Amino acid sequence: MCNKIVFSMFFLTQFFSAATRAGDAAIPDAIKAPEGNSAYLTAHAKGDQIFHCVLKTGEYSWKWHAPEAKLYDTQNQALVGSHGAGPSWTYKDGSNVTAKAIQKADAPEKTSASWLLLEVTENQHDGVLAKASFIQRINTLGGVAPLSGCDANHLGSEKRVIYSADYTFYSK
């Protein structure tokens with residue numbers, strides 16, 4: 001019980017520390033948005049990365065399935081949307097985008113999910129996200145696949161791993 005409390009306190013400290021670093025991140029060249037695109041919105045995500053236990057070429061492993069997170073305004077921490085399967089992002093005004101990862105860079109913290117550049121593949125509904133062309137995922141904390149626990153007894157099971165990240169939306 002004590003370990004869970006200590007871990008929770010550590011994670012919360014790291015989460016708020018990451019949220020305050022958002023503007024200070026050194027973006028690796030590999031995930032910079034293409035020239036002609038400008039950042040217009042950054043939202044902080046808190047939630048889970050979901051993994052499924054699979055058997056592939058005789059090896060058991062945790063395979064990424066989907067994110068499930070809430071999006072918050074980086075200034076006042078107000079809830080502004082959600083992030084889910086697709087991957088997709090929905091803003092409080094009903095606008096929605098889906099995207100695909102096109103580049104990645106290792107996170108500075110080896111225990112954190114990769115930083116990504118995603119290209120928007122579909123925009124739905126008028127609103128804030130309607131003009132998005134690219135999305136960067138930076139300042140990740142957590143969210144990597146478990147190192148153990150996937151075996152014949154757990155095939156098909158799901159593991160949720162806590163994560164947070166900043167998503168910066170770009171438009172042309």
# chains A, B, ... in the order shown; residues from 1 in each chain; ligands from 1

call {"tool": "residues_around", "arguments": {"residues": "Lys63 (chain A)", "least_positions_apart": "4", "cutoff": "7 Å", "atoms": "only C-alpha atoms", "output": "list in words"}}
result
Phe51, His52, Cys53 and Val54 of chain A

call {"tool": "residues_around", "arguments": {"residues": "Ala105 (chain A)", "least_positions_apart": "2", "cutoff": "9 Å", "atoms": "only C-alpha atoms", "output": "PyMOL selection string"}}
result
chain A and resi 28-31+103+107+114-117

call {"tool": "write_last_selection", "arguments": {"atoms": "N, CA and C atoms", "output": "mmCIF file, in the first residue's frame"}}
result
data_model
loop_
_atom_site.group_PDB
_atom_site.id
_atom_site.type_symbol
_atom_site.label_atom_id
_atom_site.label_comp_id
_atom_site.auth_asym_id
_atom_site.auth_seq_id
_atom_site.Cartn_x
_atom_site.Cartn_y
_atom_site.Cartn_z
ATOM 1 N N PRO A 28 13.159 17.488 -31.198
ATOM 2 C CA PRO A 28 14.118 16.860 -32.120
ATOM 3 C C PRO A 28 13.735 17.144 -33.578
ATOM 4 N N ASP A 29 14.729 17.304 -34.434
ATOM 5 C CA ASP A 29 14.472 17.582 -35.855
ATOM 6 C C ASP A 29 13.559 16.542 -36.490
ATOM 7 N N ALA A 30 13.689 15.290 -36.080
ATOM 8 C CA ALA A 30 12.912 14.208 -36.689
ATOM 9 C C ALA A 30 11.402 14.398 -36.548
ATOM 10 N N ILE A 31 10.967 15.131 -35.519
ATOM 11 C CA ILE A 31 9.524 15.281 -35.319
ATOM 12 C C ILE A 31 9.047 16.727 -35.453
ATOM 13 N N GLN A 103 6.693 10.019 -37.884
ATOM 14 C CA GLN A 103 8.073 10.092 -37.387
ATOM 15 C C GLN A 103 8.034 9.917 -35.875
ATOM 16 N N ALA A 107 12.004 9.463 -26.231
ATOM 17 C CA ALA A 107 11.766 10.443 -25.168
ATOM 18 C C ALA A 107 13.042 10.590 -24.348
ATOM 19 N N SER A 114 7.579 7.286 -26.719
ATOM 20 C CA SER A 114 8.277 8.063 -27.749
ATOM 21 C C SER A 114 7.552 9.376 -28.027
ATOM 22 N N TRP A 115 8.317 10.344 -28.476
ATOM 23 C CA TRP A 115 7.745 11.584 -28.978
ATOM 24 C C TRP A 115 7.413 11.344 -30.450
ATOM 25 N N LEU A 116 6.326 11.911 -30.928
ATOM 26 C CA LEU A 116 5.844 11.618 -32.277
ATOM 27 C C LEU A 116 5.521 12.863 -33.077
ATOM 28 N N LEU A 117 5.602 12.712 -34.406
ATOM 29 C CA LEU A 117 4.985 13.641 -35.338
ATOM 30 C C LEU A 117 3.908 12.840 -36.043
#

call {"tool": "atom_distance", "arguments": {"atom1": "CA of His65 (chain A)", "atom2": "CA of Phe134 (chain A)"}}
result
21.3 Å

call {"tool": "residues_around", "arguments": {"residues": "Pro34 (chain A)", "least_positions_apart": "6", "cutoff": "12 Å", "atoms": "only C-alpha atoms", "output": "ChimeraX atom specification"}}
result
/A:102-103,117-119,133-136,170-172

call {"tool": "select_by_dssp", "arguments": {"residues": "chain A", "states": "alpha helix (DSSP H)", "output": "NGL selection string"}}
result
:A and (2-21)

call {"tool": "closest_residue", "arguments": {"among": "A:Asn76, A:Ser95, A:Gln124, A:Ser61", "to": "Ser157 (chain A)", "atoms": "only C-alpha atoms"}}
result
A:Ser61

call {"tool": "closest_residue", "arguments": {"among": "A:Lys46, A:Arg137, A:Ser148, A:Trp89", "to": "Glu122 (chain A)", "atoms": "only C-alpha atoms"}}
result
A:Trp89

call {"tool": "select_by_dssp", "arguments": {"residues": "chain A", "states": "strand (DSSP E)", "output": "ChimeraX atom specification"}}
result
/A:38-56,59-73,79-84,88-91,96-105,115-124,134-142,158-171

call {"tool": "closest_residue", "arguments": {"among": "A:Thr42, A:Leu155, A:Gly36, A:Ala113", "to": "Val80 (chain A)", "atoms": "only C-alpha atoms"}}
result
A:Thr42

call {"tool": "residues_around", "arguments": {"residues": "Ser88 (chain A)", "least_positions_apart": "5", "cutoff": "6 Å", "atoms": "only C-alpha atoms", "output": "PDB file with C-alpha atoms, in the first residue's frame"}}
result
ATOM      1  CA  HIS A  83      -7.875  11.491 -27.006  1.00  0.00           C
ATOM      2  CA  VAL A  97      -9.261  14.701 -36.058  1.00  0.00           C
ATOM      3  CA  THR A  98      -7.613  11.346 -36.661  1.00  0.00           C
TER       4      THR A  98
END

call {"tool": "closest_residue", "arguments": {"among": "A:Ile27, A:Ala101, A:Leu55, A:Ala85", "to": "Asp151 (chain A)", "atoms": "only C-alpha atoms"}}
result
A:Leu55

call {"tool": "closest_residue", "arguments": {"among": "A:Ile162, A:Glu35, A:Phe169, A:His44", "to": "Ala99 (chain A)", "atoms": "only C-alpha atoms"}}
result
A:Phe169

call {"tool": "atom_distance", "arguments": {"atom1": "CA of Lys110 (chain A)", "atom2": "CA of Leu147 (chain A)"}}
result
12.9 Å

call {"tool": "atom_distance", "arguments": {"atom1": "CA of Thr140 (chain A)", "atom2": "CA of Lys104 (chain A)"}}
result
12.3 Å
